[in-house]
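**Student:** If you scroll down you'll find the structure; I have some questions about it.
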Amino acid sequence: MDSTTIETNREAATSPDAGLNVKPSSRRSAPISSEALIQKGDVQTVGTVTVENPLFQCKNVDVYYGEKHAIKNVNIDIGREQVLAMIGPSGCGKSTFLRCLNRMNDTIPAARVTGSIVLDGQDIHDKKQDVVQLRARVGMVFQKPNPFPKSIYENVAYGPRIHGLAADRVELDEIVHTSLRRAGLWEEVKDRLSHPGTSLSGGQQQRLCIARTIAVNPEVILMDEPCSALDPIATARIEDLIDELRASYAIVIVTHSMQQAARVSQRTAYFHLGDLIEVGETDRIFTNPRHKLTEDYITGRFG
Amino acid sequence: MIEGHISRSFDGALVALHLRVIEMGGLVLEQVREAAAAYTEWDSAGALRVIEREQRVNAYDRSIDGDHMTLIARRQPMASDLRVIIAMSKAVAELERAGDEATKIARTVLGHGGRPGPATTRDARHLGRLAVSLLRLSLEALDRLEFALADEVIARDRDLDEEYSAGLRRLLTRAMEDPRHFDVALEAAFVLKSLERIGDHARNLGRHIQSIGYEAGVEEETARATAASPSG
């Protein structure tokens with residue numbers, strides 16, 4: 001059985017030196033086929049990690065927080081125009097991995113990220129890569145809605161303005177209007193654009209944050225538990241929005257709600273103790289997972 | 001396979017559901033056994049008991065249906081839990097239909113056709129035994145959720161099908177030789193068909209049990225579909 005061999009690999013991986021036999025610095029250079037790379041890992045990921053025409057290609061990604069090995073040799077492609085859900089128990093590394101994708105871990109002094117993360121053919125760790133530019137291309141929505149303490153209009157206009165996306169006020173108005181409409185918020189706020197963003201309800205604030213993210217025309221939207229502070233109706237609105245947005249953007253969502261992952265995503269990745277255990281089409285993961293750890297987690301059998 | 005959840009009440013609900021399906025299976029098995037015996041012994045009291053008990057089978061069907069919906073609504077089962085619950089639901093449908101066939105056989109005894117001859121009775125008895133043992137085996141497989149037993153049920157249904165064809169051929173030959181009792185022969189043909197159908201329901205039950213198990217090859221198929229050009 002597949003799963004038993006994986007189990008044994010896992011045990012091997014917990015031995016002290018496992019996984020550190022490859023020098024992190026050497027990993028970024030030599031191009032190796034993705035299959036070979038996966039084989040070399042501590043834990044063999046079950047399922048198909050590659051996609052056709054990927055937007056992101058992550059290879060041998062390790063993250064250390066000081067001594068702690070938070071992400072262990074993760075290999076995964078992220079497709080265009082689809083939602084990838086990352087699930088797993090608390091501390092499994094899914095949020096850490098999400099934060100690698102727009103280099104948010106750079107802001108944590110003790111964090112060290114190795115391996116290669118290629119966005120549209122370009123390594124995001126390249127010296128020439130401007131981080132601000134990267135974060136415009138790879139937008140992020142957080143667990144708690146965090147609008148700026150400014151008007152609804154300014155919240156959305158801020159990004160396009162600093163990135164110079166609008167030549168004049170008319171164009172800026174247009175961007176604000178489009179972004180709010182795409183975020184499904186326009187009808188609710190069109191008469192009070194000058195009101196503070198914080199005057200909106202939680203669900204509206206979260207949609208304002210999504211409008212703010214899409215205003216700078218990103219390629220990817222990362223979402224870290226975007227609905228965990230929202231009621232079911234506001235959650236349904238966001239989920240519906242995610243489904244609409246995936247026609248234009250790649251979306252990567254971290255969620256603790258497996259039902260949410262099952263509802264919104266096309267692909268699902270299951271993390272456990274820093275390892276990427278299984279990746280597959282959402283339809284399959286939730287009906288017929290192949291790895292025992294995935295099965296145990298999604299059926300609520302974790303002891 | 002069913003137990004082991006962090007939520008023990010979910011374990012309890014799943015085990016209770018499983019038990020109810022097995023209980024229903026036991027009742028249907030008894031229905032089939034008694035209906036076949038009533039036909040071969042031409043025992044109208046037995047046939048009446050079968051027809052009366054039919055309501056209990058239907059009551060099981062309805063109440064387990066309700067249990068299924070409650071479990072799905074309250075627990076949003078996934079993966080193997082989902083497969084178990086769907087398989088149980090389908091198993092109940094098979095059992096209910098097998099129960100219907102038993103009732104049909106019982107009604108024959110109470111009808112106006114008349115008692116079949118010794119040769120037909122012999123064939124019906126033989127086919128009845130096969131159907132009962134097949135159904136019992138499928139219930140054991142369901143009880144223990146044992147895939148190897150389910151495989152055996154599916155394989156043994158072929159024997160039943162062959163016996164049915166042979167029995168039907170013999171019946172038709174006799175009917176042609178002595179067409180005076182054609183109505184009796186026709187009803188006998190329906191009884192043999194019912195017994196054969198019960199075997200089919202047992203076989204389907206076996207298939208539903210198999211569907212609980214891991215489906216090999218699913219990922220390989222999706223991999224082939226998505227990795228048309230391995231650009232990784």
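By order in the structure tokens, chains are A, B, ...; within a chain, residues start at 1; ligands start at 1, following the order shown.
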Find the spatial neighbours of Glu174 of chain A, counting only C-alpha atoms, within a cut-off of 10 Å - ignore same-chain residues fewer than 6 positions away - and output them as a short mmCIF file (atom, residue, chain, number, x, y, z; two decimals) with C-alpha atoms, in the first residue's frame.

**Tutor:**
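Full text of part_36.cif as output:
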data_model
loop_
_atom_site.label_atom_id
_atom_site.label_comp_id
_atom_site.auth_asym_id
_atom_site.auth_seq_id
_atom_site.Cartn_x
_atom_site.Cartn_y
_atom_site.Cartn_z
CA ALA A 157 -7.59 54.53 -4.17
CA ALA A 166 -4.16 56.32 -12.62
CA LEU A 180 -15.76 48.07 -5.48
#

**Student:** Mind running chain A against chain B at 7 Å and telling me each contacting residue's nearest atom pair with the distance in Å (one decimal), counting only C-alpha atoms, chain and number ascending, as a Markdown table?

**Tutor:**
| residue | atom | partner | partner_atom | distance |
| --- | --- | --- | --- | --- |
| A:Ser33 | CA | B:Gly232 | CA | 6.9 |
| A:Ser34 | CA | B:Gly232 | CA | 5.6 |
| A:Gly47 | CA | B:Glu219 | CA | 6.5 |
| A:Thr48 | CA | B:Ala223 | CA | 6.0 |
| A:Thr50 | CA | B:Gly232 | CA | 6.1 |
| A:Val51 | CA | B:Ala227 | CA | 6.1 |
| A:Glu52 | CA | B:Ala227 | CA | 5.8 |
| A:Asn53 | CA | B:Ser231 | CA | 6.5 |
| A:Phe286 | CA | B:Ala79 | CA | 5.2 |
| A:Thr287 | CA | B:Ala79 | CA | 4.1 |
| A:Asn288 | CA | B:Ala79 | CA | 5.2 |
| A:Pro289 | CA | B:Ala79 | CA | 6.5 |
| A:Glu295 | CA | B:Ala79 | CA | 6.5 |
| A:Ile298 | CA | B:Met78 | CA | 6.6 |
| A:Thr299 | CA | B:Met78 | CA | 5.7 |
| A:Gly300 | CA | B:His5 | CA | 5.5 |
| A:Arg301 | CA | B:His5 | CA | 4.2 |
| A:Phe302 | CA | B:Ile6 | CA | 6.5 |
| A:Gly303 | CA | B:Ile6 | CA | 6.6 |

**Student:** Given the selection you just returned, output its residues as a file containing N, CA and C atoms, formatted as an mmCIF file, in the first residue's frame.

**Tutor:**
data_model
loop_
_atom_site.group_PDB
_atom_site.id
_atom_site.type_symbol
_atom_site.label_atom_id
_atom_site.label_comp_id
_atom_site.auth_asym_id
_atom_site.auth_seq_id
_atom_site.Cartn_x
_atom_site.Cartn_y
_atom_site.Cartn_z
ATOM 1 N N SER A 33 14.161 17.997 -12.662
ATOM 2 C CA SER A 33 12.758 17.773 -12.982
ATOM 3 C C SER A 33 11.957 17.695 -11.684
ATOM 4 N N SER A 34 10.720 18.129 -11.762
ATOM 5 C CA SER A 34 9.921 18.219 -10.537
ATOM 6 C C SER A 34 9.779 16.860 -9.863
ATOM 7 N N GLY A 47 -0.175 12.657 -4.626
ATOM 8 C CA GLY A 47 -1.022 13.415 -5.554
ATOM 9 C C GLY A 47 -0.212 14.169 -6.581
ATOM 10 N N THR A 48 -0.898 14.966 -7.369
ATOM 11 C CA THR A 48 -0.261 15.695 -8.461
ATOM 12 C C THR A 48 0.063 17.108 -8.007
ATOM 13 N N THR A 50 1.967 19.198 -9.779
ATOM 14 C CA THR A 50 2.152 20.094 -10.921
ATOM 15 C C THR A 50 0.809 20.398 -11.576
ATOM 16 N N VAL A 51 0.758 21.548 -12.247
ATOM 17 C CA VAL A 51 -0.422 21.861 -13.050
ATOM 18 C C VAL A 51 0.054 22.333 -14.419
ATOM 19 N N GLU A 52 -0.842 22.300 -15.348
ATOM 20 C CA GLU A 52 -0.530 22.786 -16.676
ATOM 21 C C GLU A 52 -0.438 24.304 -16.620
ATOM 22 N N ASN A 53 0.573 24.875 -17.258
ATOM 23 C CA ASN A 53 0.736 26.325 -17.321
ATOM 24 C C ASN A 53 0.626 26.983 -15.934
ATOM 25 N N PHE A 286 -11.863 15.408 -1.002
ATOM 26 C CA PHE A 286 -12.914 15.308 0.008
ATOM 27 C C PHE A 286 -13.803 14.078 -0.138
ATOM 28 N N THR A 287 -13.606 13.324 -1.215
ATOM 29 C CA THR A 287 -14.376 12.091 -1.324
ATOM 30 C C THR A 287 -13.479 10.875 -1.204
ATOM 31 N N ASN A 288 -12.247 11.008 -1.666
ATOM 32 C CA ASN A 288 -11.387 9.839 -1.743
ATOM 33 C C ASN A 288 -9.920 10.213 -1.521
ATOM 34 N N PRO A 289 -9.584 10.729 -0.350
ATOM 35 C CA PRO A 289 -8.187 11.099 -0.117
ATOM 36 C C PRO A 289 -7.319 9.842 -0.112
ATOM 37 N N GLU A 295 -7.063 11.732 5.235
ATOM 38 C CA GLU A 295 -8.338 11.085 5.575
ATOM 39 C C GLU A 295 -8.701 11.352 7.036
ATOM 40 N N ILE A 298 -9.649 15.168 7.581
ATOM 41 C CA ILE A 298 -10.911 15.688 7.061
ATOM 42 C C ILE A 298 -12.123 14.939 7.601
ATOM 43 N N THR A 299 -11.917 13.734 8.124
ATOM 44 C CA THR A 299 -13.056 13.054 8.727
ATOM 45 C C THR A 299 -13.109 13.291 10.231
ATOM 46 N N GLY A 300 -12.180 14.122 10.731
ATOM 47 C CA GLY A 300 -12.211 14.446 12.163
ATOM 48 C C GLY A 300 -11.760 13.306 13.045
ATOM 49 N N ARG A 301 -10.675 12.629 12.635
ATOM 50 C CA ARG A 301 -10.190 11.503 13.431
ATOM 51 C C ARG A 301 -8.838 11.793 14.074
ATOM 52 N N PHE A 302 -8.432 13.059 14.055
ATOM 53 C CA PHE A 302 -7.126 13.374 14.625
ATOM 54 C C PHE A 302 -7.125 13.250 16.124
ATOM 55 N N GLY A 303 -6.219 12.463 16.661
ATOM 56 C CA GLY A 303 -6.206 12.274 18.113
ATOM 57 C C GLY A 303 -5.316 13.257 18.818
#

**Student:** Residues near Gly128 of chain B, anyone? I mean within 9 Å using only C-alpha atoms, not counting same-chain ones fewer than 5 positions away, as a PyMOL selection string.

**Tutor:** chain B and resi 32-33+35-37+123+133+192+195-196

**Student:** Residues of the last selection are to be written out with C-alpha atoms, as a short mmCIF file (atom, residue, chain, number, x, y, z; two decimals), in the first residue's frame.

**Tutor:**
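Printed below is out.cif as written:
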data_model
loop_
_atom_site.label_atom_id
_atom_site.label_comp_id
_atom_site.auth_asym_id
_atom_site.auth_seq_id
_atom_site.Cartn_x
_atom_site.Cartn_y
_atom_site.Cartn_z
CA VAL B 32 -37.05 -13.89 1.60
CA ARG B 33 -36.55 -17.14 3.49
CA ALA B 35 -41.56 -16.28 1.15
CA ALA B 36 -39.53 -18.93 -0.66
CA ALA B 37 -40.63 -21.56 1.86
CA ASP B 123 -36.23 -25.74 -8.88
CA SER B 133 -27.46 -17.77 1.19
CA LEU B 192 -37.96 -17.76 -10.23
CA LEU B 195 -35.47 -15.09 -6.61
CA GLU B 196 -32.97 -14.21 -9.30
#

**Student:** Could you jot down the atom CA of Ala38 of chain B to atom CA of Gly111 of chain B separation for me, Å, one decimal place?

**Tutor:**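 If I compute the distance from atom CA of Ala38 of chain B to atom CA of Gly111 of chain B, I get 12.5 Å.
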
**Student:** How far is it from atom CA of Pro147 of chain A to atom CA of Leu208 of chain A, in Å with one decimal?

**Tutor:** 7.2 Å

**Student:** Residues at most 6 Å from Asp62 of chain A, counting only C-alpha atoms, excluding those fewer than 3 positions away in the same chain, as a list in words?

**Tutor:**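 The filter keeps Ile71, Lys72, Asn73, Val113 and Thr114 of chain A.
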
**Student:** Quick one: residues within 12 Å of Leu230 of chain A, only C-alpha atoms, excluding same-chain residues fewer than 2 positions away - as an MDAnalysis selection string?

**Tutor:** chainID A and resid 143:145 201:207 225:228 232:239

**Student:** Using atom CA of Ile162 of chain A and atom CA of Glu219 of chain A as the two end points, give the distance in Å to one decimal.

**Tutor:**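 It comes out at 17.8 Å.
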
**Student:** Taking the chain letters and numbering used in this document, name the residues of segment 9-230 of chain A that DSSP puts in helix (DSSP H, G or I), as a PyMOL selection string.

**Tutor:** chain A and resi 9-13+24-27+34-40+94-100+104-107+131-137+152-162+169-182+186-189+197-199+202-215

**Student:** Find the residue from A:Ile221, A:Ile76, A:Val131, A:Val138 that sits nearest to Thr107 of chain A; use only C-alpha atoms when measuring.

**Tutor:**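 Ranking A:Ile221, A:Ile76, A:Val131, A:Val138 by distance to Thr107 of chain A, first place goes to A:Val131.
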
**Student:** Near segment 259-273 of chain A, counting only C-alpha atoms, which residues have an atom at most 7 Å away, once you skip same-chain residues fewer than 2 positions from it, shown as a PyMOL selection string?

**Tutor:** chain A and resi 82-89+91-94+239+243+255+257+275-282+285-286+294

**Student:** Tell me, as a VMD selection string, which residues lie within 10 Å of Asp183 of chain B, counting only C-alpha atoms; anything in the same chain fewer than 6 positions away does not count.

**Tutor:** chain B and resid 112 to 114 116 175 189

**Student:** Could the residues in this selection be written to a file with C-alpha atoms, as a compact mmCIF listing (two decimals), in the first residue's frame?

**Tutor:**
# COMPACT_ATOMS: atom_id res chain seq x y z
CA HIS B 112 -55.49 -17.97 -7.94
CA GLY B 113 -52.76 -19.67 -9.94
CA GLY B 114 -52.57 -22.90 -8.03
CA PRO B 116 -46.76 -25.68 -8.84
CA ALA B 175 -45.13 -25.85 -19.87
CA ALA B 189 -41.55 -18.09 -13.91

**Student:** Could you tell me, as number ranges by chain, which residues of segment 54-194 of chain A DSSP assigns to strand (DSSP E) when given the backbone?

**Tutor:** A: 54-65, 68-79, 83-87, 111-119, 122-123, 138-141

**Student:** Emit the selected residues as a short mmCIF file (atom, residue, chain, number, x, y, z; two decimals), in the first residue's frame, including N, CA and C atoms.

**Tutor:**
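Contents of result_28.cif, freshly written:
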data_model
loop_
_atom_site.label_atom_id
_atom_site.label_comp_id
_atom_site.auth_asym_id
_atom_site.auth_seq_id
_atom_site.Cartn_x
_atom_site.Cartn_y
_atom_site.Cartn_z
N PRO A 54 1.55 26.64 -15.03
CA PRO A 54 1.43 27.16 -13.66
C PRO A 54 1.76 28.65 -13.57
N LEU A 55 1.17 29.32 -12.59
CA LEU A 55 1.49 30.71 -12.33
C LEU A 55 2.68 30.75 -11.36
N PHE A 56 2.56 29.99 -10.29
CA PHE A 56 3.64 29.84 -9.31
C PHE A 56 4.22 28.45 -9.44
N GLN A 57 5.55 28.34 -9.37
CA GLN A 57 6.17 27.03 -9.23
C GLN A 57 7.05 27.07 -8.00
N CYS A 58 6.69 26.32 -7.00
CA CYS A 58 7.46 26.32 -5.75
C CYS A 58 8.22 25.00 -5.68
N LYS A 59 9.54 25.12 -5.51
CA LYS A 59 10.35 23.90 -5.47
C LYS A 59 11.25 23.91 -4.26
N ASN A 60 11.22 22.81 -3.54
CA ASN A 60 12.09 22.61 -2.38
C ASN A 60 12.03 23.79 -1.42
N VAL A 61 10.86 24.26 -1.14
CA VAL A 61 10.73 25.40 -0.24
C VAL A 61 10.83 24.91 1.21
N ASP A 62 11.80 25.49 1.92
CA ASP A 62 11.93 25.24 3.35
C ASP A 62 11.82 26.59 4.05
N VAL A 63 11.19 26.58 5.21
CA VAL A 63 11.16 27.80 6.01
C VAL A 63 11.61 27.45 7.41
N TYR A 64 12.54 28.25 7.91
CA TYR A 64 12.99 28.07 9.30
C TYR A 64 12.64 29.33 10.07
N TYR A 65 12.08 29.16 11.25
CA TYR A 65 11.96 30.27 12.19
C TYR A 65 13.01 30.03 13.26
N LYS A 68 13.41 26.41 14.44
CA LYS A 68 12.22 25.64 14.06
C LYS A 68 12.10 25.50 12.54
N HIS A 69 11.94 24.26 12.12
CA HIS A 69 11.80 23.95 10.70
C HIS A 69 10.31 23.95 10.36
N ALA A 70 9.80 25.09 9.91
CA ALA A 70 8.35 25.26 9.82
C ALA A 70 7.76 24.69 8.54
N ILE A 71 8.54 24.73 7.45
CA ILE A 71 8.08 24.17 6.18
C ILE A 71 9.19 23.28 5.66
N LYS A 72 8.85 22.05 5.33
CA LYS A 72 9.87 21.08 4.99
C LYS A 72 9.76 20.66 3.53
N ASN A 73 10.63 21.23 2.73
CA ASN A 73 10.77 20.79 1.34
C ASN A 73 9.44 20.64 0.62
N VAL A 74 8.76 21.75 0.48
CA VAL A 74 7.45 21.73 -0.17
C VAL A 74 7.59 22.03 -1.67
N ASN A 75 6.95 21.19 -2.46
CA ASN A 75 6.93 21.36 -3.91
C ASN A 75 5.48 21.45 -4.35
N ILE A 76 5.14 22.56 -5.00
CA ILE A 76 3.77 22.65 -5.49
C ILE A 76 3.67 23.74 -6.56
N ASP A 77 2.85 23.48 -7.55
CA ASP A 77 2.52 24.50 -8.55
C ASP A 77 1.20 25.14 -8.16
N ILE A 78 1.04 26.40 -8.54
CA ILE A 78 -0.25 27.05 -8.33
C ILE A 78 -0.76 27.48 -9.70
N GLY A 79 -1.97 27.04 -10.01
CA GLY A 79 -2.52 27.26 -11.34
C GLY A 79 -3.16 28.62 -11.49
N VAL A 83 -8.81 28.25 -7.65
CA VAL A 83 -8.64 28.45 -6.22
C VAL A 83 -7.92 27.24 -5.64
N LEU A 84 -6.81 27.50 -4.96
CA LEU A 84 -6.12 26.45 -4.24
C LEU A 84 -6.40 26.64 -2.76
N ALA A 85 -6.94 25.64 -2.12
CA ALA A 85 -7.19 25.73 -0.69
C ALA A 85 -6.07 25.00 0.04
N MET A 86 -5.56 25.62 1.10
CA MET A 86 -4.55 24.95 1.91
C MET A 86 -5.16 24.69 3.28
N ILE A 87 -5.20 23.41 3.63
CA ILE A 87 -5.82 23.04 4.90
C ILE A 87 -4.82 22.26 5.75
N ALA A 111 13.03 34.53 10.41
CA ALA A 111 12.56 33.62 9.37
C ALA A 111 13.56 33.52 8.23
N ARG A 112 13.76 32.30 7.75
CA ARG A 112 14.67 32.08 6.63
C ARG A 112 13.94 31.17 5.64
N VAL A 113 13.85 31.63 4.41
CA VAL A 113 13.16 30.86 3.37
C VAL A 113 14.18 30.41 2.34
N THR A 114 14.21 29.12 2.06
CA THR A 114 15.10 28.61 1.01
C THR A 114 14.27 27.87 -0.02
N GLY A 115 14.92 27.55 -1.14
CA GLY A 115 14.21 26.90 -2.23
C GLY A 115 13.81 27.94 -3.26
N SER A 116 13.12 27.50 -4.29
CA SER A 116 12.77 28.48 -5.32
C SER A 116 11.27 28.64 -5.46
N ILE A 117 10.87 29.90 -5.53
CA ILE A 117 9.47 30.23 -5.78
C ILE A 117 9.45 31.10 -7.01
N VAL A 118 8.92 30.55 -8.08
CA VAL A 118 8.96 31.24 -9.36
C VAL A 118 7.55 31.70 -9.72
N LEU A 119 7.42 33.01 -9.92
CA LEU A 119 6.13 33.57 -10.32
C LEU A 119 6.23 33.97 -11.78
N GLN A 122 9.69 34.01 -13.08
CA GLN A 122 10.66 34.90 -12.42
C GLN A 122 10.76 34.54 -10.93
N ASP A 123 11.99 34.30 -10.46
CA ASP A 123 12.18 33.94 -9.06
C ASP A 123 11.87 35.15 -8.18
N VAL A 138 0.97 40.09 -6.01
CA VAL A 138 0.47 39.02 -5.16
C VAL A 138 -0.21 39.67 -3.96
N GLY A 139 -1.48 39.95 -4.11
CA GLY A 139 -2.21 40.66 -3.06
C GLY A 139 -2.58 39.73 -1.92
N MET A 140 -2.94 40.34 -0.79
CA MET A 140 -3.25 39.50 0.36
C MET A 140 -4.43 40.04 1.14
N VAL A 141 -5.28 39.14 1.57
CA VAL A 141 -6.43 39.48 2.41
C VAL A 141 -6.26 38.69 3.71
#
